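Chemist: Got a file for you: target_25.cif, mmCIF, C-alpha atoms; chains and numbers go by the auth columns.
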```cif
data_query
#
loop_
_atom_site.group_PDB
_atom_site.id
_atom_site.type_symbol
_atom_site.label_atom_id
_atom_site.label_comp_id
_atom_site.label_asym_id
_atom_site.label_seq_id
_atom_site.Cartn_x
_atom_site.Cartn_y
_atom_site.Cartn_z
_atom_site.B_iso_or_equiv
_atom_site.auth_seq_id
_atom_site.auth_asym_id
ATOM 1 C CA MET A 1 -62.142 -197.564 -97.678 0.00 1 I
ATOM 2 C CA MET A 2 -59.471 -194.861 -97.677 0.00 2 I
ATOM 3 C CA PHE A 3 -60.777 -193.235 -100.855 0.00 3 I
ATOM 4 C CA PHE A 4 -64.193 -192.822 -99.222 0.00 4 I
ATOM 5 C CA LEU A 5 -62.591 -190.842 -96.424 0.00 5 I
ATOM 6 C CA MET A 6 -62.772 -187.886 -98.769 0.00 6 I
ATOM 7 C CA PRO A 7 -66.419 -187.888 -99.923 0.00 7 I
ATOM 8 C CA SER A 8 -67.822 -189.111 -96.597 0.00 8 I
ATOM 9 C CA GLN A 9 -65.895 -186.609 -94.466 0.00 9 I
ATOM 10 C CA LEU A 10 -65.615 -183.617 -96.804 0.00 10 I
ATOM 11 C CA PRO A 11 -68.782 -181.869 -95.501 0.00 11 I
ATOM 12 C CA PHE A 12 -67.528 -182.159 -91.919 0.00 12 I
ATOM 13 C CA PHE A 13 -64.027 -180.998 -92.888 0.00 13 I
ATOM 14 C CA LEU A 14 -65.489 -177.937 -94.600 0.00 14 I
ATOM 15 C CA ASP A 15 -67.843 -177.192 -91.716 0.00 15 I
ATOM 16 C CA ALA A 16 -64.985 -177.484 -89.187 0.00 16 I
ATOM 17 C CA SER A 17 -62.921 -175.182 -91.394 0.00 17 I
ATOM 18 C CA GLY A 18 -65.618 -172.493 -91.419 0.00 18 I
ATOM 19 C CA PHE A 19 -67.013 -173.061 -94.900 0.00 19 I
ATOM 20 C CA ASP A 20 -70.585 -173.656 -95.982 0.00 20 I
ATOM 21 C CA GLY A 21 -70.765 -177.433 -95.946 0.00 21 I
ATOM 22 C CA ALA A 22 -73.393 -177.831 -98.666 0.00 22 I
ATOM 23 C CA THR A 23 -71.858 -175.494 -101.241 0.00 23 I
ATOM 24 C CA GLY A 24 -68.338 -176.604 -100.437 0.00 24 I
ATOM 25 C CA THR A 25 -69.266 -180.254 -100.666 0.00 25 I
ATOM 26 C CA ALA A 26 -70.825 -179.672 -104.066 0.00 26 I
ATOM 27 C CA LEU A 27 -67.691 -177.902 -105.280 0.00 27 I
ATOM 28 C CA GLY A 28 -65.330 -180.492 -103.800 0.00 28 I
ATOM 29 C CA LEU A 29 -67.256 -183.505 -105.046 0.00 29 I
ATOM 30 C CA GLY A 30 -67.705 -181.798 -108.401 0.00 30 I
ATOM 31 C CA ALA A 31 -63.934 -181.380 -108.675 0.00 31 I
ATOM 32 C CA LEU A 32 -63.441 -185.006 -107.612 0.00 32 I
ATOM 33 C CA THR A 33 -65.941 -186.510 -110.053 0.00 33 I
ATOM 34 C CA LEU A 34 -65.165 -184.281 -113.037 0.00 34 I
ATOM 35 C CA SER A 35 -61.426 -184.791 -112.781 0.00 35 I
ATOM 36 C CA GLY A 36 -61.971 -188.512 -112.274 0.00 36 I
ATOM 37 C CA ALA A 37 -64.371 -188.751 -115.225 0.00 37 I
ATOM 38 C CA PHE A 38 -62.026 -186.978 -117.635 0.00 38 I
ATOM 39 C CA THR A 39 -59.096 -189.078 -116.454 0.00 39 I
ATOM 40 C CA ALA A 40 -61.101 -192.302 -116.768 0.00 40 I
ATOM 41 C CA LEU A 41 -61.733 -191.483 -120.423 0.00 41 I
ATOM 42 C CA LYS A 42 -57.977 -191.675 -120.956 0.00 42 I
ATOM 43 C CA PHE A 43 -57.425 -194.757 -118.778 0.00 43 I
ATOM 44 C CA ALA A 44 -56.786 -197.198 -121.634 0.00 44 I
ATOM 45 C CA ALA A 45 -54.083 -194.970 -123.113 0.00 45 I
ATOM 46 C CA ILE A 46 -52.540 -194.370 -119.686 0.00 46 I
ATOM 47 C CA ARG A 47 -52.456 -198.081 -118.840 0.00 47 I
ATOM 48 C CA SER A 48 -51.049 -199.092 -122.206 0.00 48 I
ATOM 49 C CA ARG A 49 -48.282 -196.525 -121.841 0.00 49 I
ATOM 50 C CA LEU A 50 -47.426 -197.174 -118.174 0.00 50 I
ATOM 51 C CA GLY A 51 -48.397 -200.805 -117.656 0.00 51 I
ATOM 52 C CA LEU A 52 -50.606 -201.961 -114.825 0.00 52 I
ATOM 53 C CA PRO A 53 -48.159 -201.774 -111.865 0.00 53 I
ATOM 54 C CA CYS A 54 -47.041 -198.251 -112.798 0.00 54 I
ATOM 55 C CA THR A 55 -50.655 -197.196 -113.345 0.00 55 I
ATOM 56 C CA PHE A 56 -51.392 -198.307 -109.778 0.00 56 I
ATOM 57 C CA SER A 57 -48.289 -196.523 -108.524 0.00 57 I
ATOM 58 C CA VAL A 58 -49.081 -193.240 -110.255 0.00 58 I
ATOM 59 C CA GLY A 59 -52.720 -193.424 -109.148 0.00 59 I
ATOM 60 C CA PHE A 60 -51.807 -194.025 -105.519 0.00 60 I
ATOM 61 C CA LEU A 61 -49.199 -191.271 -105.654 0.00 61 I
ATOM 62 C CA ILE A 62 -51.712 -188.780 -107.087 0.00 62 I
ATOM 63 C CA MET A 63 -54.282 -189.734 -104.431 0.00 63 I
ATOM 64 C CA GLY A 64 -51.600 -189.303 -101.756 0.00 64 I
ATOM 65 C CA CYS A 65 -50.796 -185.853 -103.119 0.00 65 I
ATOM 66 C CA GLY A 66 -54.506 -185.025 -103.037 0.00 66 I
ATOM 67 C CA PHE A 67 -54.849 -185.948 -99.381 0.00 67 I
ATOM 68 C CA ALA A 68 -51.601 -184.132 -98.552 0.00 68 I
ATOM 69 C CA THR A 69 -52.969 -181.043 -100.329 0.00 69 I
ATOM 70 C CA LEU A 70 -56.131 -181.161 -98.214 0.00 70 I
ATOM 71 C CA ALA A 71 -53.962 -181.420 -95.102 0.00 71 I
ATOM 72 C CA ILE A 72 -51.927 -178.285 -95.907 0.00 72 I
ATOM 73 C CA TYR A 73 -54.464 -175.636 -95.006 0.00 73 I
ATOM 74 C CA PRO A 74 -58.273 -175.441 -95.236 0.00 74 I
ATOM 75 C CA ALA A 75 -58.521 -172.885 -98.040 0.00 75 I
ATOM 76 C CA TRP A 76 -60.177 -173.172 -101.442 0.00 76 I
ATOM 77 C CA GLN A 77 -56.835 -172.948 -103.256 0.00 77 I
ATOM 78 C CA PHE A 78 -55.967 -176.284 -101.566 0.00 78 I
ATOM 79 C CA ILE A 79 -59.395 -177.910 -101.205 0.00 79 I
ATOM 80 C CA ILE A 80 -60.436 -177.898 -104.875 0.00 80 I
ATOM 81 C CA PRO A 81 -57.059 -179.115 -106.237 0.00 81 I
ATOM 82 C CA GLY A 82 -56.858 -181.715 -103.446 0.00 82 I
ATOM 83 C CA CYS A 83 -60.277 -183.086 -104.333 0.00 83 I
ATOM 84 C CA ALA A 84 -59.393 -183.071 -108.039 0.00 84 I
ATOM 85 C CA LEU A 85 -56.149 -184.956 -107.405 0.00 85 I
ATOM 86 C CA ILE A 86 -57.981 -187.606 -105.388 0.00 86 I
ATOM 87 C CA GLY A 87 -60.461 -188.033 -108.257 0.00 87 I
ATOM 88 C CA ILE A 88 -57.665 -188.337 -110.817 0.00 88 I
ATOM 89 C CA GLY A 89 -55.816 -190.891 -108.715 0.00 89 I
ATOM 90 C CA TYR A 90 -58.955 -192.916 -108.131 0.00 90 I
ATOM 91 C CA ALA A 91 -59.601 -192.958 -111.891 0.00 91 I
ATOM 92 C CA PHE A 92 -56.196 -194.635 -112.277 0.00 92 I
ATOM 93 C CA VAL A 93 -56.570 -197.125 -109.406 0.00 93 I
ATOM 94 C CA GLN A 94 -60.172 -198.333 -109.615 0.00 94 I
ATOM 95 C CA PRO A 95 -60.153 -199.633 -113.216 0.00 95 I
ATOM 96 C CA ALA A 96 -56.611 -200.960 -112.743 0.00 96 I
ATOM 97 C CA LEU A 97 -57.873 -202.984 -109.789 0.00 97 I
ATOM 98 C CA PHE A 98 -60.610 -204.519 -111.915 0.00 98 I
ATOM 99 C CA LEU A 99 -58.164 -205.302 -114.722 0.00 99 I
ATOM 100 C CA ALA A 100 -55.633 -206.897 -112.393 0.00 100 I
ATOM 101 C CA ALA A 101 -58.257 -209.014 -110.656 0.00 101 I
ATOM 102 C CA LEU A 102 -59.902 -210.128 -113.883 0.00 102 I
ATOM 103 C CA ASP A 103 -56.508 -210.925 -115.400 0.00 103 I
ATOM 104 C CA ILE A 104 -55.676 -213.218 -112.482 0.00 104 I
ATOM 105 C CA ALA A 105 -59.114 -214.834 -112.253 0.00 105 I
ATOM 106 C CA PRO A 106 -59.927 -217.903 -114.320 0.00 106 I
ATOM 107 C CA SER A 107 -62.429 -217.043 -117.047 0.00 107 I
ATOM 108 C CA ALA A 108 -65.188 -219.077 -115.369 0.00 108 I
ATOM 109 C CA ARG A 109 -64.792 -217.039 -112.149 0.00 109 I
ATOM 110 C CA ARG A 110 -64.541 -213.505 -113.580 0.00 110 I
ATOM 111 C CA GLY A 111 -68.164 -212.648 -112.852 0.00 111 I
ATOM 112 C CA THR A 112 -67.725 -213.716 -109.239 0.00 112 I
ATOM 113 C CA VAL A 113 -64.463 -211.778 -108.909 0.00 113 I
ATOM 114 C CA SER A 114 -66.072 -208.680 -110.421 0.00 114 I
ATOM 115 C CA GLY A 115 -68.943 -208.979 -107.936 0.00 115 I
ATOM 116 C CA MET A 116 -66.502 -209.387 -105.058 0.00 116 I
ATOM 117 C CA ILE A 117 -64.652 -206.208 -106.033 0.00 117 I
ATOM 118 C CA THR A 118 -67.892 -204.272 -106.354 0.00 118 I
ATOM 119 C CA THR A 119 -69.061 -205.584 -102.977 0.00 119 I
ATOM 120 C CA SER A 120 -65.728 -204.609 -101.429 0.00 120 I
ATOM 121 C CA MET A 121 -66.084 -201.080 -102.788 0.00 121 I
ATOM 122 C CA PHE A 122 -69.559 -200.708 -101.299 0.00 122 I
ATOM 123 C CA LEU A 123 -68.392 -202.166 -97.994 0.00 123 I
ATOM 124 C CA GLY A 124 -65.464 -199.730 -98.005 0.00 124 I
ATOM 125 C CA GLN A 125 -67.933 -196.900 -98.421 0.00 125 I
ATOM 126 C CA ILE A 126 -69.938 -198.133 -95.434 0.00 126 I
ATOM 127 C CA VAL A 127 -66.987 -198.976 -93.186 0.00 127 I
ATOM 128 C CA SER A 128 -64.940 -195.843 -93.898 0.00 128 I
ATOM 129 C CA PRO A 129 -66.851 -193.486 -91.574 0.00 129 I
ATOM 130 C CA PHE A 130 -66.826 -196.042 -88.756 0.00 130 I
ATOM 131 C CA VAL A 131 -63.063 -196.504 -89.038 0.00 131 I
ATOM 132 C CA PHE A 132 -62.024 -192.900 -89.604 0.00 132 I
ATOM 133 C CA THR A 133 -64.465 -190.907 -87.449 0.00 133 I
ATOM 134 C CA PRO A 134 -62.732 -191.830 -84.161 0.00 134 I
ATOM 135 C CA ALA A 135 -59.341 -190.916 -85.657 0.00 135 I
ATOM 136 C CA LEU A 136 -60.730 -187.624 -86.957 0.00 136 I
ATOM 137 C CA GLN A 137 -62.199 -186.807 -83.551 0.00 137 I
ATOM 138 C CA SER A 138 -58.925 -187.646 -81.808 0.00 138 I
ATOM 139 C CA TYR A 139 -56.356 -186.176 -84.201 0.00 139 I
ATOM 140 C CA GLY A 140 -58.205 -183.791 -86.520 0.00 140 I
ATOM 141 C CA PHE A 141 -58.697 -183.632 -90.258 0.00 141 I
ATOM 142 C CA GLU A 142 -55.245 -182.340 -91.145 0.00 142 I
ATOM 143 C CA ALA A 143 -53.464 -185.174 -89.322 0.00 143 I
ATOM 144 C CA VAL A 144 -55.726 -187.891 -90.740 0.00 144 I
ATOM 145 C CA TYR A 145 -55.510 -186.468 -94.279 0.00 145 I
ATOM 146 C CA ALA A 146 -51.721 -186.187 -93.987 0.00 146 I
ATOM 147 C CA ALA A 147 -51.462 -189.761 -92.699 0.00 147 I
ATOM 148 C CA SER A 148 -53.687 -190.915 -95.561 0.00 148 I
ATOM 149 C CA GLY A 149 -51.364 -189.168 -97.995 0.00 149 I
ATOM 150 C CA VAL A 150 -48.416 -191.049 -96.507 0.00 150 I
ATOM 151 C CA VAL A 151 -50.276 -194.382 -96.707 0.00 151 I
ATOM 152 C CA PHE A 152 -51.052 -193.785 -100.387 0.00 152 I
ATOM 153 C CA VAL A 153 -47.382 -192.989 -101.062 0.00 153 I
ATOM 154 C CA VAL A 154 -46.495 -196.305 -99.402 0.00 154 I
ATOM 155 C CA PHE A 155 -49.057 -198.036 -101.638 0.00 155 I
ATOM 156 C CA ALA A 156 -47.452 -196.309 -104.639 0.00 156 I
ATOM 157 C CA SER A 157 -44.037 -197.567 -103.570 0.00 157 I
ATOM 158 C CA VAL A 158 -45.307 -201.127 -103.201 0.00 158 I
ATOM 159 C CA ALA A 159 -46.953 -201.006 -106.625 0.00 159 I
ATOM 160 C CA LEU A 160 -43.724 -199.704 -108.131 0.00 160 I
ATOM 161 C CA ALA A 161 -41.753 -202.442 -106.383 0.00 161 I
ATOM 162 C CA VAL A 162 -44.089 -205.005 -107.963 0.00 162 I
ATOM 163 C CA ARG A 163 -43.203 -203.515 -111.335 0.00 163 I
ATOM 164 C CA PHE A 164 -39.496 -204.026 -110.840 0.00 164 I
ATOM 165 C CA PHE A 165 -39.479 -207.147 -108.665 0.00 165 I
ATOM 166 C CA LYS A 166 -42.323 -209.084 -110.216 0.00 166 I
ATOM 167 C CA PRO A 167 -42.067 -212.764 -109.242 0.00 167 I
ATOM 168 C CA ALA A 168 -42.420 -215.423 -111.906 0.00 168 I
ATOM 169 C CA ARG A 169 -46.023 -216.455 -112.410 0.00 169 I
ATOM 170 C CA MET A 170 -46.803 -219.574 -110.458 0.00 170 I
ATOM 171 C CA THR A 171 -48.268 -222.438 -112.435 0.00 171 I
ATOM 172 C CA VAL A 172 -51.013 -224.550 -110.940 0.00 172 I
ATOM 173 C CA PRO A 173 -51.127 -228.269 -111.704 0.00 173 I
ATOM 174 C CA SER A 174 -54.013 -229.000 -114.075 0.00 174 I
ATOM 175 C CA GLU A 175 -55.831 -231.159 -111.514 0.00 175 I
ATOM 176 C CA LEU A 176 -55.959 -228.163 -109.119 0.00 176 I
ATOM 177 C CA SER A 177 -56.798 -225.534 -111.714 0.00 177 I
ATOM 178 C CA LEU A 178 -60.168 -223.801 -111.566 0.00 178 I
ATOM 179 C CA GLU A 179 -60.189 -223.282 -115.308 0.00 179 I
ATOM 180 C CA LYS A 180 -62.023 -225.660 -117.583 0.00 180 I
ATOM 181 C CA PRO A 181 -59.714 -228.022 -119.441 0.00 181 I
ATOM 182 C CA GLU A 182 -59.320 -227.311 -123.127 0.00 182 I
ATOM 183 C CA LEU A 183 -61.061 -229.741 -125.441 0.00 183 I
#
```
As C-alpha coordinates - that is how I would like this structure written.
Modeler:
Amino acid sequence: MMFFLMPSQLPFFLDASGFDGATGTALGLGALTLSGAFTALKFAAIRSRLGLPCTFSVGFLIMGCGFATLAIYPAWQFIIPGCALIGIGYAFVQPALFLAALDIAPSARRGTVSGMITTSMFLGQIVSPFVFTPALQSYGFEAVYAASGVVFVVFASVALAVRFFKPARMTVPSELSLEKPEL
(Lines of atoms letter the chains of each structure in order from A and count residues from 1; the text may use other names and numbers.)
(Lines give C-alpha, C1' and ligand atoms only; values in the text may rest on other atoms or scores of the structure.)
Protein backbone atom coordinates (compact mmCIF):
# COMPACT_ATOMS: atom_id res chain seq x y z
CA MET A 1 0.00 0.00 0.00
CA MET A 2 2.79 2.43 0.87
CA PHE A 3 4.70 1.76 -2.34
CA PHE A 4 1.62 2.73 -4.36
CA LEU A 5 1.59 6.11 -2.66
CA MET A 6 4.21 7.11 -5.19
CA PRO A 7 2.64 6.10 -8.53
CA SER A 8 -0.93 6.92 -7.49
CA GLN A 9 -0.10 10.36 -6.09
CA LEU A 10 2.82 11.44 -8.28
CA PRO A 11 0.65 13.31 -10.84
CA PHE A 12 -1.02 15.29 -8.05
CA PHE A 13 2.31 15.98 -6.33
CA LEU A 14 3.74 17.32 -9.59
CA ASP A 15 0.64 19.38 -10.34
CA ALA A 16 0.68 20.89 -6.83
CA SER A 17 4.38 21.65 -7.30
CA GLY A 18 3.75 23.55 -10.54
CA PHE A 19 4.93 20.93 -13.02
CA ASP A 20 3.12 19.49 -16.01
CA GLY A 21 1.46 16.45 -14.49
CA ALA A 22 1.42 14.29 -17.63
CA THR A 23 5.03 14.82 -18.69
CA GLY A 24 6.30 14.72 -15.13
CA THR A 25 4.39 11.56 -14.37
CA ALA A 26 5.86 9.89 -17.44
CA LEU A 27 9.37 10.91 -16.38
CA GLY A 28 8.86 9.90 -12.75
CA LEU A 29 7.24 6.56 -13.51
CA GLY A 30 9.85 5.94 -16.19
CA ALA A 31 12.60 6.47 -13.62
CA LEU A 32 10.75 4.21 -11.17
CA THR A 33 10.16 1.34 -13.59
CA LEU A 34 13.51 1.47 -15.39
CA SER A 35 15.52 1.55 -12.18
CA GLY A 36 13.34 -1.20 -10.75
CA ALA A 37 13.66 -3.34 -13.88
CA PHE A 38 17.45 -3.10 -14.01
CA THR A 39 17.70 -3.83 -10.29
CA ALA A 40 15.33 -6.80 -10.58
CA LEU A 41 17.66 -8.33 -13.16
CA LYS A 42 20.33 -8.45 -10.46
CA PHE A 43 18.01 -9.61 -7.66
CA ALA A 44 19.31 -13.19 -7.48
CA ALA A 45 22.90 -12.00 -7.08
CA ILE A 46 21.87 -9.38 -4.53
CA ARG A 47 19.88 -11.87 -2.45
CA SER A 48 22.58 -14.52 -2.54
CA ARG A 49 25.13 -11.98 -1.36
CA LEU A 50 23.01 -10.28 1.32
CA GLY A 51 20.59 -13.00 2.40
CA LEU A 52 16.86 -12.48 2.56
CA PRO A 53 16.54 -10.38 5.76
CA CYS A 54 19.29 -7.97 4.64
CA THR A 55 17.77 -7.78 1.16
CA PHE A 56 14.51 -6.66 2.78
CA SER A 57 16.38 -4.20 4.98
CA VAL A 58 18.33 -2.64 2.13
CA GLY A 59 15.21 -2.48 -0.05
CA PHE A 60 13.16 -0.76 2.64
CA LEU A 61 16.02 1.63 3.37
CA ILE A 62 16.37 2.56 -0.31
CA MET A 63 12.60 3.11 -0.60
CA GLY A 64 12.72 5.26 2.54
CA CYS A 65 15.52 7.33 1.01
CA GLY A 66 13.43 7.70 -2.14
CA PHE A 67 10.44 9.05 -0.26
CA ALA A 68 12.70 11.31 1.83
CA THR A 69 14.23 12.63 -1.40
CA LEU A 70 10.78 13.48 -2.76
CA ALA A 71 10.01 15.29 0.49
CA ILE A 72 13.10 17.54 0.31
CA TYR A 73 11.96 19.96 -2.35
CA PRO A 74 9.76 19.63 -5.46
CA ALA A 75 12.47 20.03 -8.09
CA TRP A 76 13.54 17.66 -10.86
CA GLN A 77 16.95 17.09 -9.26
CA PHE A 78 15.05 15.47 -6.35
CA ILE A 79 11.97 14.05 -8.09
CA ILE A 80 13.73 11.82 -10.64
CA PRO A 81 16.29 10.36 -8.18
CA GLY A 82 13.53 9.91 -5.57
CA CYS A 83 11.39 7.97 -8.02
CA ALA A 84 14.39 5.90 -9.11
CA LEU A 85 15.28 5.05 -5.51
CA ILE A 86 11.73 3.92 -4.80
CA GLY A 87 11.86 1.67 -7.88
CA ILE A 88 15.20 0.19 -6.83
CA GLY A 89 13.97 -0.47 -3.31
CA TYR A 90 10.77 -2.06 -4.56
CA ALA A 91 12.82 -4.34 -6.82
CA PHE A 92 14.56 -5.61 -3.68
CA VAL A 93 11.44 -5.97 -1.52
CA GLN A 94 8.79 -7.40 -3.85
CA PRO A 95 10.65 -10.55 -4.99
CA ALA A 96 12.06 -11.02 -1.48
CA LEU A 97 8.50 -11.04 -0.16
CA PHE A 98 7.54 -13.78 -2.60
CA LEU A 99 10.63 -15.82 -1.73
CA ALA A 100 10.07 -15.51 2.01
CA ALA A 101 6.40 -16.45 1.75
CA LEU A 102 7.03 -19.38 -0.57
CA ASP A 103 9.87 -20.60 1.65
CA ILE A 104 7.56 -20.67 4.67
CA ALA A 105 4.57 -22.16 2.85
CA PRO A 106 4.17 -25.91 2.57
CA SER A 107 4.72 -27.04 -1.01
CA ALA A 108 1.04 -27.96 -1.44
CA ARG A 109 -0.01 -24.40 -0.49
CA ARG A 110 2.51 -22.36 -2.51
CA GLY A 111 0.07 -21.58 -5.30
CA THR A 112 -2.45 -20.30 -2.78
CA VAL A 113 0.19 -18.24 -0.97
CA SER A 114 1.40 -16.77 -4.26
CA GLY A 115 -2.18 -15.83 -5.15
CA MET A 116 -2.68 -14.25 -1.73
CA ILE A 117 0.42 -12.08 -2.16
CA THR A 118 -0.66 -11.01 -5.63
CA THR A 119 -4.15 -10.21 -4.34
CA SER A 120 -2.65 -8.21 -1.48
CA MET A 121 -0.57 -6.19 -3.93
CA PHE A 122 -3.61 -5.34 -6.04
CA LEU A 123 -5.63 -4.48 -2.94
CA GLY A 124 -2.77 -2.25 -1.76
CA GLN A 125 -2.93 -0.44 -5.07
CA ILE A 126 -6.67 0.13 -4.65
CA VAL A 127 -6.61 1.03 -0.95
CA SER A 128 -3.58 3.33 -1.08
CA PRO A 129 -5.37 6.41 -2.46
CA PHE A 130 -8.24 6.00 0.01
CA VAL A 131 -5.84 5.81 2.95
CA PHE A 132 -3.36 8.49 1.92
CA THR A 133 -5.53 11.12 0.21
CA PRO A 134 -6.96 12.46 3.51
CA ALA A 135 -3.44 12.64 4.99
CA LEU A 136 -2.15 14.41 1.88
CA GLN A 137 -5.00 16.92 2.03
CA SER A 138 -4.39 17.56 5.73
CA TYR A 139 -0.59 17.59 5.92
CA GLY A 140 0.71 17.99 2.36
CA PHE A 141 2.92 15.89 0.14
CA GLU A 142 6.22 16.74 1.80
CA ALA A 143 5.02 15.68 5.25
CA VAL A 144 3.42 12.45 4.03
CA TYR A 145 6.45 11.55 1.89
CA ALA A 146 8.79 12.30 4.80
CA ALA A 147 6.67 10.19 7.16
CA SER A 148 6.67 7.39 4.60
CA GLY A 149 10.45 7.59 4.46
CA VAL A 150 10.60 7.22 8.24
CA VAL A 151 8.20 4.24 8.16
CA PHE A 152 10.37 2.50 5.56
CA VAL A 153 13.47 3.09 7.70
CA VAL A 154 11.61 1.47 10.60
CA PHE A 155 10.75 -1.47 8.33
CA ALA A 156 14.44 -1.68 7.38
CA SER A 157 15.41 -1.76 11.04
CA VAL A 158 12.93 -4.53 11.79
CA ALA A 159 14.18 -6.58 8.85
CA LEU A 160 17.75 -6.11 10.04
CA ALA A 161 16.75 -7.12 13.56
CA VAL A 162 15.27 -10.33 12.13
CA ARG A 163 18.65 -11.01 10.56
CA PHE A 164 20.49 -10.79 13.85
CA PHE A 165 17.81 -12.03 16.25
CA LYS A 166 16.24 -14.77 14.18
CA PRO A 167 14.28 -17.14 16.43
CA ALA A 168 14.74 -20.87 16.04
CA ARG A 169 12.36 -22.34 13.49
CA MET A 170 9.32 -23.79 15.18
CA THR A 171 8.54 -27.39 14.36
CA VAL A 172 4.96 -28.47 13.88
CA PRO A 173 3.89 -31.93 15.04
CA SER A 174 3.32 -34.17 12.02
CA GLU A 175 -0.39 -34.59 12.79
CA LEU A 176 -0.85 -30.78 12.53
CA SER A 177 1.38 -30.26 9.51
CA LEU A 178 -0.16 -29.09 6.26
CA GLU A 179 2.49 -30.85 4.23
CA LYS A 180 1.86 -34.27 2.78
CA PRO A 181 3.60 -37.04 4.68
CA GLU A 182 6.56 -38.59 2.92
CA LEU A 183 6.00 -42.06 1.53
Chemist: Which residues are close to Val144 in chain I, i.e. within 10 Å by all atoms listed in the file, leaving aside same-chain residues fewer than 4 positions away? Reply as a ChimeraX atom specification.
Modeler: /I:5,67-68,71,132-133,135-140,148-150
Chemist: Using all atoms listed in the file, find the one residue out of I:Ala16, I:Met63, I:Ala105, I:Ile88 that sits nearest to Ala75 in chain I.
Modeler: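 Among I:Ala16, I:Met63, I:Ala105, I:Ile88, it is I:Ala16 that comes nearest to Ala75 in chain I.
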Chemist: Take the PyMOL selection byres ((chain I and resi 47-55) around 8), run it mentally on this structure, and tell me the resulting residues as a PyMOL selection string.
Modeler: chain I and resi 43-46+56-59+92-93+96+100+159-160+162-163
Chemist: Write to file, as a PDB file, in the frame of the given file, the residues of the selection just made, with C-alpha atoms.
Modeler:
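And here's part-v7.pdb as it stands now:
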```
ATOM      1  CA  PHE I  43     -57.425-194.757-118.778  1.00  0.00           C
ATOM      2  CA  ALA I  44     -56.786-197.198-121.634  1.00  0.00           C
ATOM      3  CA  ALA I  45     -54.083-194.970-123.113  1.00  0.00           C
ATOM      4  CA  ILE I  46     -52.540-194.370-119.686  1.00  0.00           C
ATOM      5  CA  PHE I  56     -51.392-198.307-109.778  1.00  0.00           C
ATOM      6  CA  SER I  57     -48.289-196.523-108.524  1.00  0.00           C
ATOM      7  CA  VAL I  58     -49.081-193.240-110.255  1.00  0.00           C
ATOM      8  CA  GLY I  59     -52.720-193.424-109.148  1.00  0.00           C
ATOM      9  CA  PHE I  92     -56.196-194.635-112.277  1.00  0.00           C
ATOM     10  CA  VAL I  93     -56.570-197.125-109.406  1.00  0.00           C
ATOM     11  CA  ALA I  96     -56.611-200.960-112.743  1.00  0.00           C
ATOM     12  CA  ALA I 100     -55.633-206.897-112.393  1.00  0.00           C
ATOM     13  CA  ALA I 159     -46.953-201.006-106.625  1.00  0.00           C
ATOM     14  CA  LEU I 160     -43.724-199.704-108.131  1.00  0.00           C
ATOM     15  CA  VAL I 162     -44.089-205.005-107.963  1.00  0.00           C
ATOM     16  CA  ARG I 163     -43.203-203.515-111.335  1.00  0.00           C
TER      17      ARG I 163
END
```
Chemist: Distance CA of Ile126 in chain I-CA of Met1 in chain I, one decimal place?
Modeler: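 Separation between CA of Ile126 in chain I and CA of Met1 in chain I: 8.1 Å.
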Chemist: State, in Å with one decimal place, the distance from CA of Ser8 in chain I to CA of Gly111 in chain I.
Modeler: 28.6 Å
Chemist: Please, what distance in Å, to one decimal, runs between CA of Phe3 in chain I and CA of Ser107 in chain I?
Modeler: 28.8 Å
Chemist: Pull out every residue that the PyMOL selection byres ((chain I and resi 66) around 10) matches in the shown coordinates and put them as a PyMOL selection string.
Modeler: chain I and resi 6+60-65+67-71+78-89+145-146+148-149+152
Chemist: May I have the centre and edge lengths, in Å to one decimal, of an axis-aligned box around the listed atoms of range 46-58 of chain I with 5 Å added to every side, as JSON?
Modeler:
```
{"center_x": -49.8, "center_y": -197.6, "center_z": -115.4, "size_x": 15.5, "size_y": 18.7, "size_z": 23.7}
```
Chemist: Choose the residue, out of I:Phe155, I:Leu97, I:Phe164, I:Pro74, that has the smallest atom-to-atom separation from Phe19 in chain I; count all atoms listed in the file.
Modeler: I:Pro74
Chemist: For the provided coordinates, the residues matched by the PyMOL selection byres ((chain I and resi 119-125) around 10) should be stated as a PDB file with C-alpha atoms, keeping the file's coordinate frame.
Modeler:
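Printed below is part_19.pdb as written:
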```
ATOM      1  CA  MET I   1     -62.142-197.564 -97.678  1.00  0.00           C
ATOM      2  CA  MET I   2     -59.471-194.861 -97.677  1.00  0.00           C
ATOM      3  CA  PHE I   3     -60.777-193.235-100.855  1.00  0.00           C
ATOM      4  CA  PHE I   4     -64.193-192.822 -99.222  1.00  0.00           C
ATOM      5  CA  LEU I   5     -62.591-190.842 -96.424  1.00  0.00           C
ATOM      6  CA  PRO I   7     -66.419-187.888 -99.923  1.00  0.00           C
ATOM      7  CA  SER I   8     -67.822-189.111 -96.597  1.00  0.00           C
ATOM      8  CA  GLN I  94     -60.172-198.333-109.615  1.00  0.00           C
ATOM      9  CA  VAL I 113     -64.463-211.778-108.909  1.00  0.00           C
ATOM     10  CA  SER I 114     -66.072-208.680-110.421  1.00  0.00           C
ATOM     11  CA  GLY I 115     -68.943-208.979-107.936  1.00  0.00           C
ATOM     12  CA  MET I 116     -66.502-209.387-105.058  1.00  0.00           C
ATOM     13  CA  ILE I 117     -64.652-206.208-106.033  1.00  0.00           C
ATOM     14  CA  THR I 118     -67.892-204.272-106.354  1.00  0.00           C
ATOM     15  CA  ILE I 126     -69.938-198.133 -95.434  1.00  0.00           C
ATOM     16  CA  VAL I 127     -66.987-198.976 -93.186  1.00  0.00           C
ATOM     17  CA  SER I 128     -64.940-195.843 -93.898  1.00  0.00           C
ATOM     18  CA  PRO I 129     -66.851-193.486 -91.574  1.00  0.00           C
ATOM     19  CA  PHE I 130     -66.826-196.042 -88.756  1.00  0.00           C
ATOM     20  CA  VAL I 131     -63.063-196.504 -89.038  1.00  0.00           C
TER      21      VAL I 131
END
```
